[in-house]
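Here's the structure, in structure tokens; my notes come after.
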Amino acid sequence: MHILIIEDESKIAQFLAKGLQESGYTCAIAKDGIDGLSRLQAEAFDLLILDVMLPKLDGWHVLQTLRTFSKMPVLMLTAKDHVLDRVRGLELGADDYLIKPFSYVELLARIKSLLRRVPNVEKEIYQIANLSLNRLSREVYRADSKIDLTAKEFVLLQLLIQHRGEVLTRTQIASMVWNINFETDTNVVDVAIRRLRAKIDDHFAPKLIYTVRGMGYKVDLHNENHE
């Protein structure tokens with residue numbers, strides 16, 4: 001499940017992203033309305049967490065524009081505790097509304113409630129060949145062997161499996177797993193892929209993680225045009 005957070009307060013955005021990742025979601029962060037809207041138009045997300053008071057373009061305008069091309073669930077965040085503000089958000093197409101300050105537990109409960117409204121939003125268990133990943137128990141098995149992964153490795157593997165057959169660029173992976181747009185010469189994604197391969201591919205068959213030269217990485221059962 002891929003969530004976009006549009007929030008200009010860095011500490012809040014990082015707090016939300018960290019919590020959501022630990023809960024099994026992948027996240028991206030935009031710090032202003034224009035950047036957020038651009039990402040919504042360019043990438044596929046399952047839910048939007050949208051602050052109202054944003055620089056460059058406020059949350060009202062982002063929501064209004066979003067509703068011209070997407071019906072994804074939107075949870076709005078605001079420091080304003082006025083009935084008219086909540087009504088305005090709902091009239092523009094928001095699905096829920098949370099007033100700052102809020103507890104992460106309440107936020108998570110509301111996110112789960114919103115996602116339950118979307119049919120077949122996410123599997124509990126992902127299976128490809130003899131690899132299985134349980135999203136809820138956070139367990140990974142290859143054949144009959146349990147694979148111990150770090151939190152980031154689990155998120156990375158889940159991301160690749162959810163996009164099975166699709167090539168994900170290093171920039172996309174860096175954004176969705178680490179919530180940071182890394183510089184092009186940063187090899188953190190390559191290092192993470194090597195470590196993941198060592199755990200789930202090196203001693204097993206068939207190979208599942210492939211490099212698509214000049215593009216990025218993918219999980220697949222076929223190795224045509226891959227490394």
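Lettering and numbering for the structure tokens are positional, with chains as A, B, ... in the shown order, residues counted from 1 in each chain, and ligands counted from 1 in the shown order.
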
Got a sec to tell me which of chain A DSSP assigns to alpha helix (DSSP H), as an MDAnalysis selection string?
-> chainID A and resid 10:22 33:42 59:66 83:92 104:116 151:162 170:178 188:200

Write out as a PyMOL selection string which residues come within 9 Å of Arg197 in chain A when counting only C-alpha atoms, dropping same-chain ones fewer than 5 positions away.
-> chain A and resi 192+202+207-209

Sel. of strand (DSSP E or B) residues, range 9-218 of chain A, as a PDB file with C-alpha atoms, in the first residue's frame:
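Saved the output as selection.pdb:
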```
ATOM      1  CA  THR A  26       5.416   2.467   1.785  1.00  0.00           C
ATOM      2  CA  CYS A  27       5.413   6.269   1.766  1.00  0.00           C
ATOM      3  CA  ALA A  28       6.494   9.317  -0.168  1.00  0.00           C
ATOM      4  CA  ILE A  29       6.622  12.895   1.119  1.00  0.00           C
ATOM      5  CA  ALA A  30       5.909  16.188  -0.634  1.00  0.00           C
ATOM      6  CA  LEU A  47      -4.118   6.966  -0.142  1.00  0.00           C
ATOM      7  CA  LEU A  48      -3.294  10.621   0.405  1.00  0.00           C
ATOM      8  CA  ILE A  49      -2.591  12.316   3.745  1.00  0.00           C
ATOM      9  CA  LEU A  50      -3.081  15.999   2.993  1.00  0.00           C
ATOM     10  CA  ASP A  51      -2.323  19.010   5.182  1.00  0.00           C
ATOM     11  CA  VAL A  74      -7.939  11.413   1.202  1.00  0.00           C
ATOM     12  CA  LEU A  75      -7.345  12.048   4.898  1.00  0.00           C
ATOM     13  CA  MET A  76      -6.968  15.754   5.611  1.00  0.00           C
ATOM     14  CA  LEU A  77      -4.865  17.166   8.444  1.00  0.00           C
ATOM     15  CA  THR A  78      -5.402  20.637   9.852  1.00  0.00           C
ATOM     16  CA  ASP A  96     -11.888  11.940   6.529  1.00  0.00           C
ATOM     17  CA  TYR A  97     -10.555  14.780   8.638  1.00  0.00           C
ATOM     18  CA  LEU A  98      -8.077  14.797  11.544  1.00  0.00           C
ATOM     19  CA  ILE A  99      -7.268  17.829  13.674  1.00  0.00           C
ATOM     20  CA  ILE A 125       0.208 -12.992   1.789  1.00  0.00           C
ATOM     21  CA  TYR A 126       2.194 -12.480  -1.407  1.00  0.00           C
ATOM     22  CA  GLN A 127       3.498 -15.543  -3.238  1.00  0.00           C
ATOM     23  CA  ILE A 128       5.884 -15.820  -6.144  1.00  0.00           C
ATOM     24  CA  LEU A 131       8.870 -17.243  -1.937  1.00  0.00           C
ATOM     25  CA  SER A 132       6.108 -16.096   0.384  1.00  0.00           C
ATOM     26  CA  LEU A 133       5.780 -12.797   2.214  1.00  0.00           C
ATOM     27  CA  ASN A 134       3.220 -12.315   4.998  1.00  0.00           C
ATOM     28  CA  GLU A 139       7.552 -13.152   7.882  1.00  0.00           C
ATOM     29  CA  VAL A 140       9.315 -14.203   4.694  1.00  0.00           C
ATOM     30  CA  TYR A 141       9.967 -17.799   3.612  1.00  0.00           C
ATOM     31  CA  ARG A 142      11.933 -19.146   0.660  1.00  0.00           C
ATOM     32  CA  SER A 145      13.538 -21.624   5.017  1.00  0.00           C
ATOM     33  CA  LYS A 146      12.578 -18.588   7.047  1.00  0.00           C
ATOM     34  CA  ILE A 147      14.419 -15.475   5.865  1.00  0.00           C
ATOM     35  CA  LEU A 168      11.110   0.324 -10.584  1.00  0.00           C
ATOM     36  CA  THR A 169      13.810   2.949 -11.005  1.00  0.00           C
ATOM     37  CA  ILE A 209      15.268 -10.130  -8.341  1.00  0.00           C
ATOM     38  CA  TYR A 210      16.646  -8.811 -11.611  1.00  0.00           C
ATOM     39  CA  THR A 211      18.498  -5.732 -12.738  1.00  0.00           C
ATOM     40  CA  VAL A 212      17.074  -4.157 -15.884  1.00  0.00           C
ATOM     41  CA  GLY A 216      16.230  -0.246 -12.405  1.00  0.00           C
ATOM     42  CA  TYR A 217      15.044  -3.424 -10.691  1.00  0.00           C
ATOM     43  CA  LYS A 218      12.113  -5.809 -10.823  1.00  0.00           C
TER      44      LYS A 218
END
```

If you count only C-alpha atoms, which residues fall within 12 Å of Met1 in chain A, apart from same-chain ones fewer than 5 positions away, as number ranges by chain?
-> A: 20-21, 23-28, 44-48, 111-112, 115-116, 118, 120-124, 135, 155, 158-163, 176-177

So how far away is CA of Pro55 in chain A from CA of Leu37 in chain A, in Å?
-> 12.3 Å

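Atom pair CA of Gly93 in chain A / CA of Trp178 in chain A: separated by 29.5 Å.
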
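Straight-line separation from CA of Met72 in chain A to CA of Leu114 in chain A: 9.6 Å.
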